[in-house]
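Taking it in order: structure first as structure tokens, then the write-up.
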Amino acid sequence: MKFKLVPLQILLCISFFISCTDNLNFDNINLVLEPVVNTPIVYFELNQNNFLDEFNQEISVVSDITVFRILETTILKENLVELKIDFEVENGFNRMFLINMFFLDDDDNITYTVDEFIIDAGDLNYSATRTILIETTPEFLNSTRFRTDVILPPASTNLNPAIEKVFKFRSSGTFYLRF
Amino acid sequence: MKKYILFLILAITTSLNAQQQLSFSFGEIPQNLMLNPGAETNFKSHYGIPVFSNFQFTIGNTGFQMGDLFSNDSRSFNEKFEKVLDQLSPDDYINLNTKVDVLSFGYRYDNKTYISVGFYEELDLMVYFPKDAIEGLYYGNDPFFNRSFSISQAIMKADILGVLHAGMSRKVDEKLTIGGRVKIYSSSLNVETNNNSGSITTTTNNINISRLTLQNLDAEIRTSGIADSNDVFSNTLLGGNLGLGFDVGLTYHFSPQLEFTGSILDLGFIKHSKNTRNFTAKGNYILDGINFEYNSDDPLDYWQQLEQDIDARIPTEETEDAYTSWRPMKLNAALKYSFGERRNKLCYSKTHKQYYYNSIGFQIHTIMRPLKPQFSFTSFYEKSLSKKIHTKFTHTINDYSAAIFGVATSLQIGKLNIFGVLDNILAVTDVASANNISLNFGFNIVID
């Protein structure tokens with residue numbers, strides 16, 4: 001019995017005592033999540049009739065607004081670092097346009113103003129990017145509404161309701177998060 | 001005596017990587033009856049030390065090794081995580097299982113019949129790594145335009161239950177022993193999701209710069225016990241959702257030296273009707289963003305319109321319907337050839353059993369899991385060092401690794417039986433390379 005047990009004891013002792021965890025480190029577990037999420041935002045298509053009233057007089061500004069609630073979610077409110085908004089415009093009019101965009105809070109206070117876009121007449125490939133850094137613009141997180149104003153400045157060439165013209169606007173947002 | 005104490009300490013401490021299945025068809029331990037109700041028994045009765053008659057803890061995953069995430073080097077944790085994520089497959093899973101025999105005892109009814117009863121608590125968690133969802137959460141969708149993120153990879157099952165059981169092992173003749181066990185399950189917590197479908201894809205298109213498409217979503221999560229989680233453990237004492245199951249097994253000697261053992265365990269179900277809460281979502285949706293219409297005469301609430309549209313196209317439902325969950329059935333089988341020195345052992349009622357000091361063989365173990373069976377193949381060599389001390393050396397191939405070497409021991413000190421299983425010796429010497437860690441030991445009073 002004495003001799004029979006010795007090999008097993010040695011084997012088990014060796015296994016136990018050489019068990020090695022020195023090459024592991026559990027103190028450095030610091031996982032940082034930085035997902036980048038893309039989502040479409042607003043798009044629209046305008047024609048000449050949008051800029052003419054019932055008397056075929058030009059309307060200089062058309063506006064629309066939407067509520068958006070995504071910034072009310074805790075995940076975005078606490079972890080959004082940066083929002084990059086991409087814009088693409090096709091201006092089929094032989095007139096230039098200005099586009100102003102605003103983020104507003106529940107009380108209609110402006111929380112962020114997107115720099116004005118100037119779209120030249122006939123520019124079918126206009127694109128631009130605006131970046132909102134939350135660190136420098138924390139009030140942006142109070143935004144609950146988004147408004148766009150499309151401005152048609154006066155010009156010598158008047159709009160003709162019989163000739164179809166199209167103005168296309170597209171936008172998407174890229175949310176940079178950090179957890 | 002010191003020798004036995006040392007052996008006892010080693011049996012406990014070195015069982016840190018055990019797999020209970022290794023003790024299938026092994027030695028003289030009463031808990032073998034839980035793996036094969038048709039196992040041969042050579043004792044008059046047994047009494048498990050409450051809570052310690054069989055304690056098992058196993059955690060393992062097939063996706064990565066400990067060192068892949070926790071190696072002590074200059075790389076950041078994110079770098080290690082990204083490498084692990086890259087090598088993960090949707091078939092990889094993490095499994096956590098704990099089983100504690102609260103009560104266990106057995107009694108020989110007559111020379112051919114052994115009856116055993118008991119109660120154990122079990123926690124079982126099986127989660128497949130939803131690689132697409134993890135990558136989506138970690139990286140976001142922006143780097144993956146045109147890639148389809150699958151929802152069907154979301155598969156998991158979690159159970160906390162108590163099992164009251166009674167079994168009988170019956171020796172039919174000198175060659176054949178059969179047995180069965182009836183189990184009453186009392187589930188206090190169950191969460192499961194499987195057979196989901198659907199995908200999410202981000203693409204470019206002409207309407208807006210990007211488009212999100214949710215296609216063919218059909219997902220369901222079934223739960224019971226979540227709403228009453230304060231009573232998780234008390235509900236395992238027949239206060240939860242009840243179910244019924246069976247174990248069957250046999251031992252057959254083709255010759256005095258060639259033995260076959262096999263068993264089917266947990267052939268059963270649980271009917272969940274109390275404290276159930278189920279969630280479903282179905283539908284398709286394409287999101288191009290908000291379409292401004294510039295209609296000043298009739299301004300629209302675009303956001304409300306969007307929410308209503310999503311609700312209409314992807315209806316979600318929360319119900320308290322009853323449902324049935326199947327227990328993960330296990331299959332065990334072993335073929336053993338004994339040889340070498342032949343001895344007689346005095347058993348119950350002054351009968352004698354002949355046995356050999358050496359044997360070789362192989363065994364298979366399969367658990368039915370939600371995605372596919374979890375299979376392992378083990379070849380082994382058994383050596384009895386004396387009438388009281390039995391050992392088993394194994395090599396196992398399974399989902400975790402193809403090189404798992406193990407040792408099992410069973411020791412009888414007076415009427416006290418101690419067993420421990422050390423599986424995966426290589427992992428003990430190098431934890432960094434381990435996919436799984438488990439603990440299994442037991443103390444029982446055995447009356448010959």
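Going by the structure tokens order, chains are called A, B, ..., each with residues numbered from 1, while ligands are numbered from 1 in the order shown.
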
Would you list the contacts of A:Gln48 as a short mmCIF file (atom, residue, chain, number, x, y, z; two decimals) with all heavy atoms, in the first residue's frame, taking every protein, DNA or RNA residue within 12 Å and counting only C-alpha atoms, but skipping same-chain residues closer than 6 positions in sequence?
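For reference, out-v2.cif as written:
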```
data_model
loop_
_atom_site.label_atom_id
_atom_site.label_comp_id
_atom_site.auth_asym_id
_atom_site.auth_seq_id
_atom_site.Cartn_x
_atom_site.Cartn_y
_atom_site.Cartn_z
N ASN A 56 -48.93 82.56 -57.13
CA ASN A 56 -47.65 82.34 -57.82
C ASN A 56 -46.58 83.37 -57.43
O ASN A 56 -45.68 83.68 -58.21
CB ASN A 56 -47.83 82.34 -59.34
CG ASN A 56 -48.37 81.01 -59.84
OD1 ASN A 56 -48.26 79.99 -59.13
ND2 ASN A 56 -48.96 81.02 -61.02
N GLN A 57 -46.75 83.88 -56.23
CA GLN A 57 -45.71 84.75 -55.67
C GLN A 57 -44.71 83.89 -54.91
O GLN A 57 -45.09 82.91 -54.26
CB GLN A 57 -46.32 85.78 -54.71
CG GLN A 57 -47.29 86.74 -55.38
CD GLN A 57 -46.62 87.57 -56.46
OE1 GLN A 57 -45.61 88.24 -56.20
NE2 GLN A 57 -47.14 87.52 -57.68
N GLU A 58 -43.44 84.22 -55.02
CA GLU A 58 -42.40 83.41 -54.38
C GLU A 58 -42.49 83.48 -52.86
O GLU A 58 -42.72 84.54 -52.28
CB GLU A 58 -41.02 83.87 -54.82
CG GLU A 58 -40.71 83.45 -56.24
CD GLU A 58 -39.25 83.71 -56.60
OE1 GLU A 58 -38.48 84.13 -55.72
OE2 GLU A 58 -38.90 83.49 -57.77
N ILE A 59 -42.28 82.32 -52.27
CA ILE A 59 -42.17 82.25 -50.80
C ILE A 59 -40.68 82.18 -50.49
O ILE A 59 -39.96 81.32 -51.00
CB ILE A 59 -42.88 80.99 -50.27
CG1 ILE A 59 -44.38 81.02 -50.66
CG2 ILE A 59 -42.72 80.87 -48.77
CD1 ILE A 59 -45.09 79.71 -50.40
N SER A 60 -40.24 83.07 -49.68
CA SER A 60 -38.78 83.14 -49.48
C SER A 60 -38.26 82.08 -48.51
O SER A 60 -37.10 81.68 -48.59
CB SER A 60 -38.39 84.53 -48.99
OG SER A 60 -39.04 84.81 -47.77
N VAL A 62 -39.28 78.30 -46.50
CA VAL A 62 -40.18 77.21 -46.08
C VAL A 62 -39.50 76.50 -44.91
O VAL A 62 -38.28 76.30 -44.90
CB VAL A 62 -40.49 76.21 -47.23
CG1 VAL A 62 -41.28 76.90 -48.33
CG2 VAL A 62 -39.22 75.59 -47.77
N ASN A 91 -29.45 70.35 -56.05
CA ASN A 91 -30.23 71.55 -56.37
C ASN A 91 -30.47 71.62 -57.88
O ASN A 91 -29.59 72.01 -58.65
CB ASN A 91 -29.47 72.79 -55.87
CG ASN A 91 -30.24 74.08 -56.15
OD1 ASN A 91 -31.41 74.04 -56.55
ND2 ASN A 91 -29.59 75.22 -55.95
N GLY A 92 -31.67 71.23 -58.25
CA GLY A 92 -32.01 71.26 -59.68
C GLY A 92 -32.56 72.62 -60.13
O GLY A 92 -32.92 72.78 -61.30
N PHE A 93 -32.64 73.55 -59.20
CA PHE A 93 -33.13 74.89 -59.54
C PHE A 93 -31.97 75.72 -60.13
O PHE A 93 -30.80 75.51 -59.80
CB PHE A 93 -33.64 75.62 -58.30
CG PHE A 93 -34.97 75.11 -57.78
CD1 PHE A 93 -35.05 73.88 -57.16
CD2 PHE A 93 -36.11 75.88 -57.91
CE1 PHE A 93 -36.26 73.42 -56.66
CE2 PHE A 93 -37.33 75.43 -57.42
CZ PHE A 93 -37.41 74.18 -56.80
N ASN A 94 -32.35 76.71 -60.95
CA ASN A 94 -31.32 77.65 -61.41
C ASN A 94 -31.28 78.86 -60.48
O ASN A 94 -31.09 79.98 -60.90
CB ASN A 94 -31.58 78.07 -62.86
CG ASN A 94 -32.98 78.62 -63.04
OD1 ASN A 94 -33.76 78.62 -62.09
ND2 ASN A 94 -33.30 79.11 -64.23
N ARG A 95 -31.50 78.55 -59.21
CA ARG A 95 -31.46 79.57 -58.15
C ARG A 95 -30.65 79.01 -56.98
O ARG A 95 -30.62 77.80 -56.75
CB ARG A 95 -32.87 79.88 -57.65
CG ARG A 95 -33.82 80.47 -58.70
CD ARG A 95 -33.67 81.97 -58.81
NE ARG A 95 -34.03 82.62 -57.58
CZ ARG A 95 -35.28 83.04 -57.29
NH1 ARG A 95 -36.26 82.84 -58.17
NH2 ARG A 95 -35.54 83.66 -56.17
N LEU A 152 -35.01 80.81 -50.05
CA LEU A 152 -34.82 81.14 -51.47
C LEU A 152 -34.58 82.64 -51.59
O LEU A 152 -35.53 83.44 -51.53
CB LEU A 152 -36.07 80.73 -52.27
CG LEU A 152 -36.06 81.03 -53.77
CD1 LEU A 152 -35.01 80.17 -54.49
CD2 LEU A 152 -37.43 80.80 -54.38
N ASN A 158 -37.22 84.56 -61.98
CA ASN A 158 -38.36 84.10 -61.19
C ASN A 158 -38.65 82.63 -61.45
O ASN A 158 -38.30 82.08 -62.50
CB ASN A 158 -39.61 84.92 -61.53
CG ASN A 158 -39.49 86.34 -61.01
OD1 ASN A 158 -38.85 86.58 -59.98
ND2 ASN A 158 -40.06 87.26 -61.75
N LEU A 159 -39.30 81.99 -60.46
CA LEU A 159 -39.70 80.59 -60.62
C LEU A 159 -40.86 80.49 -61.59
O LEU A 159 -41.77 81.31 -61.55
CB LEU A 159 -40.11 80.00 -59.28
CG LEU A 159 -39.03 79.88 -58.21
CD1 LEU A 159 -39.63 79.30 -56.93
CD2 LEU A 159 -37.87 79.00 -58.68
N ASN A 160 -40.80 79.46 -62.40
CA ASN A 160 -41.88 79.21 -63.35
C ASN A 160 -42.62 77.95 -62.92
O ASN A 160 -42.04 76.85 -62.92
CB ASN A 160 -41.28 79.03 -64.75
CG ASN A 160 -42.38 78.88 -65.80
OD1 ASN A 160 -43.54 78.63 -65.47
ND2 ASN A 160 -42.00 79.05 -67.05
N PRO A 161 -43.90 78.09 -62.52
CA PRO A 161 -44.62 76.91 -62.04
C PRO A 161 -44.78 75.84 -63.11
O PRO A 161 -45.04 74.68 -62.78
CB PRO A 161 -45.99 77.48 -61.61
CG PRO A 161 -46.12 78.77 -62.31
CD PRO A 161 -44.74 79.30 -62.50
N ALA A 162 -44.61 76.15 -64.35
CA ALA A 162 -44.80 75.17 -65.42
C ALA A 162 -43.54 74.33 -65.66
O ALA A 162 -43.60 73.29 -66.31
CB ALA A 162 -45.20 75.88 -66.71
N ILE A 163 -42.43 74.78 -65.15
CA ILE A 163 -41.17 74.05 -65.38
C ILE A 163 -40.77 73.37 -64.07
O ILE A 163 -40.48 74.02 -63.07
CB ILE A 163 -40.05 75.02 -65.83
CG1 ILE A 163 -40.48 75.73 -67.12
CG2 ILE A 163 -38.74 74.26 -66.04
CD1 ILE A 163 -39.51 76.81 -67.56
N GLU A 164 -40.73 72.06 -64.11
CA GLU A 164 -40.48 71.30 -62.87
C GLU A 164 -39.01 71.38 -62.47
O GLU A 164 -38.11 71.13 -63.27
CB GLU A 164 -40.88 69.84 -63.04
CG GLU A 164 -40.76 69.07 -61.74
CD GLU A 164 -41.34 67.67 -61.82
OE1 GLU A 164 -42.06 67.39 -62.78
OE2 GLU A 164 -41.06 66.89 -60.90
N LYS A 165 -38.83 71.73 -61.24
CA LYS A 165 -37.48 71.76 -60.65
C LYS A 165 -37.53 71.01 -59.33
O LYS A 165 -38.53 71.05 -58.63
CB LYS A 165 -37.05 73.21 -60.37
CG LYS A 165 -37.04 74.12 -61.58
CD LYS A 165 -35.88 73.79 -62.50
CE LYS A 165 -35.83 74.76 -63.68
NZ LYS A 165 -34.79 74.38 -64.66
N VAL A 166 -36.44 70.34 -59.00
CA VAL A 166 -36.43 69.53 -57.77
C VAL A 166 -35.22 69.88 -56.92
O VAL A 166 -34.11 70.06 -57.43
CB VAL A 166 -36.42 68.02 -58.12
CG1 VAL A 166 -36.34 67.18 -56.84
CG2 VAL A 166 -37.64 67.64 -58.92
N PHE A 167 -35.50 69.97 -55.64
CA PHE A 167 -34.43 70.22 -54.65
C PHE A 167 -34.47 69.05 -53.66
O PHE A 167 -35.46 68.83 -52.98
CB PHE A 167 -34.72 71.54 -53.94
CG PHE A 167 -33.69 71.95 -52.92
CD1 PHE A 167 -32.63 72.77 -53.27
CD2 PHE A 167 -33.79 71.52 -51.59
CE1 PHE A 167 -31.70 73.16 -52.33
CE2 PHE A 167 -32.85 71.90 -50.65
CZ PHE A 167 -31.80 72.73 -51.01
N LYS A 168 -33.38 68.25 -53.63
CA LYS A 168 -33.35 67.07 -52.76
C LYS A 168 -32.37 67.28 -51.61
O LYS A 168 -31.26 67.78 -51.82
CB LYS A 168 -32.93 65.83 -53.54
CG LYS A 168 -33.94 65.37 -54.58
CD LYS A 168 -33.43 64.12 -55.29
CE LYS A 168 -34.45 63.65 -56.34
NZ LYS A 168 -33.94 62.49 -57.08
#
```

Helix (DSSP H, G or I) residues, from DSSP on the backbone, in chain A, as number ranges by chain = A: 2-17, 48-51, 70-72, 74-79, 138-142

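Here is the contact set of chain B against chain A, at 6 Å and counting only C-alpha atoms: Phe70, Ser71, Asn72, Phe77, Asn78, Tyr138, Tyr139, Gly140, Asn141, Asp142, Asn208, Ile209, Ser210, Asp288, Gly289, Ile290, Asn291, Phe292, Tyr294, Tyr302, Trp303, Val428, Thr429, Asp430 and Val431 of chain B.
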
Near-B:Gly283 list (6 Å; only C-alpha atoms; drop same-chain fewer than 4 positions) as an mmCIF file with N, CA and C atoms, in the first residue's frame:
```
data_model
loop_
_atom_site.group_PDB
_atom_site.id
_atom_site.type_symbol
_atom_site.label_atom_id
_atom_site.label_comp_id
_atom_site.auth_asym_id
_atom_site.auth_seq_id
_atom_site.Cartn_x
_atom_site.Cartn_y
_atom_site.Cartn_z
ATOM 1 N N ASN B 216 -37.604 40.256 -41.406
ATOM 2 C CA ASN B 216 -38.084 38.948 -40.912
ATOM 3 C C ASN B 216 -37.832 38.735 -39.421
ATOM 4 N N LEU B 217 -38.041 39.763 -38.629
ATOM 5 C CA LEU B 217 -37.853 39.592 -37.186
ATOM 6 C C LEU B 217 -38.933 38.666 -36.622
ATOM 7 N N ARG B 313 -45.768 47.941 -37.531
ATOM 8 C CA ARG B 313 -45.030 46.990 -38.373
ATOM 9 C C ARG B 313 -44.225 45.981 -37.571
ATOM 10 N N ILE B 314 -43.873 46.341 -36.329
ATOM 11 C CA ILE B 314 -43.154 45.391 -35.467
ATOM 12 C C ILE B 314 -43.943 45.252 -34.170
#
```

For B:Asp321, please output as a PyMOL selection string all residues within 8 Å (counting only C-alpha atoms; exclusion window: fewer than 5 positions along the same chain).
-> chain B and resi 273+276-278

Residue among B:Thr391, B:Gln304, B:Asn194, B:Thr98 lying closest to B:Pro130, counting only C-alpha atoms |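 Closest to B:Pro130 of all the choices is B:Asn194.
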
Extract, using only C-alpha atoms, all DNA, RNA and protein residues at most 8 Å from B:Leu214, discarding same-chain residues fewer than 6 positions from it, and format them as a PyMOL selection string.
-> chain B and resi 198-201+283-286

Determine which residues of stretch 10-162 of chain A DSSP labels as strand (DSSP E or B) from the backbone of this structure, then write them out as a PyMOL selection string.
-> chain A and resi 24+36-47+52+58+61-67+80-91+97-104+110-119+126-133+145-151

Please provide the set of residues having any atom within 12 Å of B:Thr251, restricted to only C-alpha atoms, with same-chain residues fewer than 5 positions apart removed, written as a ChimeraX atom specification.
-> /B:24-25,32-33,36-41,169-180,258-263,332-336

Provide the atom CA of A:Tyr112 to atom CA of A:Leu98 distance in Å, to one decimal place.
->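 Here the two named atoms are 17.5 Å from each other.
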
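With only C-alpha atoms as the basis for measurement, A:Phe146 is the residue among A:Glu54, A:Gly122, A:Phe146, A:Ile70 that approaches A:Phe102 most closely.
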
Please provide the set of residues having any atom within 9 Å of B:Val51, restricted to only C-alpha atoms, with same-chain residues fewer than 2 positions apart removed, written as a PyMOL selection string.
-> chain B and resi 48-49+53-55+100-104+120+442

Expected file contents, prior selection, C-alpha atoms, as a PDB file, in the first residue's frame:
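After the write, selection.pdb holds the following:
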```pdb
ATOM      1  CA  GLY B  48     -24.601  11.358   1.857  1.00  0.00           C
ATOM      2  CA  ILE B  49     -23.150  14.032   4.096  1.00  0.00           C
ATOM      3  CA  SER B  53     -22.274  14.311  -0.633  1.00  0.00           C
ATOM      4  CA  ASN B  54     -21.811  15.687  -4.131  1.00  0.00           C
ATOM      5  CA  PHE B  55     -20.821  19.253  -4.876  1.00  0.00           C
ATOM      6  CA  VAL B 100     -25.457  20.397  -4.836  1.00  0.00           C
ATOM      7  CA  ASP B 101     -26.838  17.192  -3.354  1.00  0.00           C
ATOM      8  CA  VAL B 102     -28.780  18.445  -0.350  1.00  0.00           C
ATOM      9  CA  LEU B 103     -29.919  14.990   0.689  1.00  0.00           C
ATOM     10  CA  SER B 104     -28.841  11.625  -0.635  1.00  0.00           C
ATOM     11  CA  TYR B 120     -30.456  18.246  -5.218  1.00  0.00           C
ATOM     12  CA  GLY B 442     -18.216  14.241  -2.390  1.00  0.00           C
TER      13      GLY B 442
END
```

With only C-alpha atoms counted and 6 Å as the cut-off, give the residues of stretch 198-277 of chain B in contact with stretch 182-190 of chain B, each with its shortest interatomic distance in Å and the pair that gives it, as a Markdown table.
```
| residue | atom | partner | partner_atom | distance |
| --- | --- | --- | --- | --- |
| B:Thr223 | CA | B:Asn190 | CA | 5.4 |
| B:Ser224 | CA | B:Asn190 | CA | 5.2 |
| B:Gly225 | CA | B:Leu189 | CA | 4.5 |
| B:Val232 | CA | B:Ser188 | CA | 5.2 |
| B:Asn235 | CA | B:Ser188 | CA | 5.0 |
| B:Thr236 | CA | B:Ser186 | CA | 5.0 |
| B:Leu238 | CA | B:Ser186 | CA | 5.0 |
| B:Gly240 | CA | B:Ser188 | CA | 4.9 |
| B:Asn241 | CA | B:Ser187 | CA | 5.0 |
| B:Leu242 | CA | B:Ser186 | CA | 4.6 |
| B:Gly243 | CA | B:Tyr185 | CA | 4.7 |
| B:Leu244 | CA | B:Ile184 | CA | 4.9 |
| B:Gly245 | CA | B:Lys183 | CA | 4.9 |
| B:Phe246 | CA | B:Val182 | CA | 4.8 |
```

Let me see the file: selected residues, N, CA, C and O atoms, as a JSON list (two decimals), in the first residue's frame.
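The file below, part-v9.json, is the result:
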```
[["chain", "number", "residue", "atom", "x", "y", "z"],
["B", 223, "THR", "N", -39.99, 33.43, -19.92],
["B", 223, "THR", "CA", -39.43, 33.47, -18.57],
["B", 223, "THR", "C", -40.46, 32.98, -17.56],
["B", 223, "THR", "O", -41.67, 33.11, -17.77],
["B", 224, "SER", "N", -39.96, 32.43, -16.49],
["B", 224, "SER", "CA", -40.82, 32.16, -15.33],
["B", 224, "SER", "C", -39.98, 32.40, -14.09],
["B", 224, "SER", "O", -38.77, 32.13, -14.08],
["B", 225, "GLY", "N", -40.61, 32.93, -13.08],
["B", 225, "GLY", "CA", -39.90, 33.16, -11.82],
["B", 225, "GLY", "C", -39.23, 34.50, -11.73],
["B", 225, "GLY", "O", -38.73, 34.88, -10.67],
["B", 232, "VAL", "N", -36.52, 32.62, -5.07],
["B", 232, "VAL", "CA", -35.85, 31.73, -6.03],
["B", 232, "VAL", "C", -35.50, 30.39, -5.39],
["B", 232, "VAL", "O", -35.77, 29.33, -5.95],
["B", 235, "ASN", "N", -38.60, 28.36, -3.78],
["B", 235, "ASN", "CA", -39.46, 27.76, -4.79],
["B", 235, "ASN", "C", -38.90, 26.44, -5.34],
["B", 235, "ASN", "O", -39.62, 25.69, -6.00],
["B", 236, "THR", "N", -37.63, 26.19, -5.12],
["B", 236, "THR", "CA", -37.08, 24.92, -5.60],
["B", 236, "THR", "C", -37.57, 23.75, -4.74],
["B", 236, "THR", "O", -37.44, 22.60, -5.13],
["B", 238, "LEU", "N", -40.34, 22.32, -4.25],
["B", 238, "LEU", "CA", -41.67, 21.96, -4.76],
["B", 238, "LEU", "C", -42.65, 23.14, -4.77],
["B", 238, "LEU", "O", -43.85, 22.93, -4.92],
["B", 240, "GLY", "N", -42.22, 25.72, -6.90],
["B", 240, "GLY", "CA", -42.13, 26.40, -8.20],
["B", 240, "GLY", "C", -42.97, 25.72, -9.25],
["B", 240, "GLY", "O", -43.98, 25.08, -8.96],
["B", 241, "ASN", "N", -42.55, 25.89, -10.49],
["B", 241, "ASN", "CA", -43.22, 25.22, -11.60],
["B", 241, "ASN", "C", -42.73, 23.78, -11.66],
["B", 241, "ASN", "O", -41.52, 23.53, -11.68],
["B", 242, "LEU", "N", -43.65, 22.85, -11.69],
["B", 242, "LEU", "CA", -43.27, 21.44, -11.53],
["B", 242, "LEU", "C", -43.12, 20.74, -12.88],
["B", 242, "LEU", "O", -43.73, 21.12, -13.88],
["B", 243, "GLY", "N", -42.29, 19.71, -12.84],
["B", 243, "GLY", "CA", -42.06, 18.91, -14.04],
["B", 243, "GLY", "C", -41.72, 17.50, -13.64],
["B", 243, "GLY", "O", -41.54, 17.17, -12.46],
["B", 244, "LEU", "N", -41.66, 16.65, -14.65],
["B", 244, "LEU", "CA", -41.42, 15.24, -14.41],
["B", 244, "LEU", "C", -40.33, 14.75, -15.34],
["B", 244, "LEU", "O", -40.28, 15.13, -16.51],
["B", 245, "GLY", "N", -39.46, 13.89, -14.81],
["B", 245, "GLY", "CA", -38.38, 13.36, -15.64],
["B", 245, "GLY", "C", -37.99, 11.96, -15.23],
["B", 245, "GLY", "O", -38.35, 11.49, -14.14],
["B", 246, "PHE", "N", -37.24, 11.32, -16.11],
["B", 246, "PHE", "CA", -36.81, 9.96, -15.85],
["B", 246, "PHE", "C", -35.35, 9.79, -16.23],
["B", 246, "PHE", "O", -34.86, 10.44, -17.15]]
```

So, counting only C-alpha atoms, which residue among A:Ile151, A:Ile132, A:Leu141, A:Leu52 is closest to A:Thr73?
->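 Between A:Ile151, A:Ile132, A:Leu141, A:Leu52, the residue approaching A:Thr73 most closely is A:Leu141.
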
Å distance separating atom CA of B:Glu341 from atom CA of B:Pro256, one decimal place =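 Computing the Euclidean distance for atom CA of B:Glu341 and atom CA of B:Pro256 yields 13.1 Å.
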
For atom CA of B:Asn97 and atom CA of B:Asp124, quote the distance in Å rounded to one decimal.
-> 4.5 Å
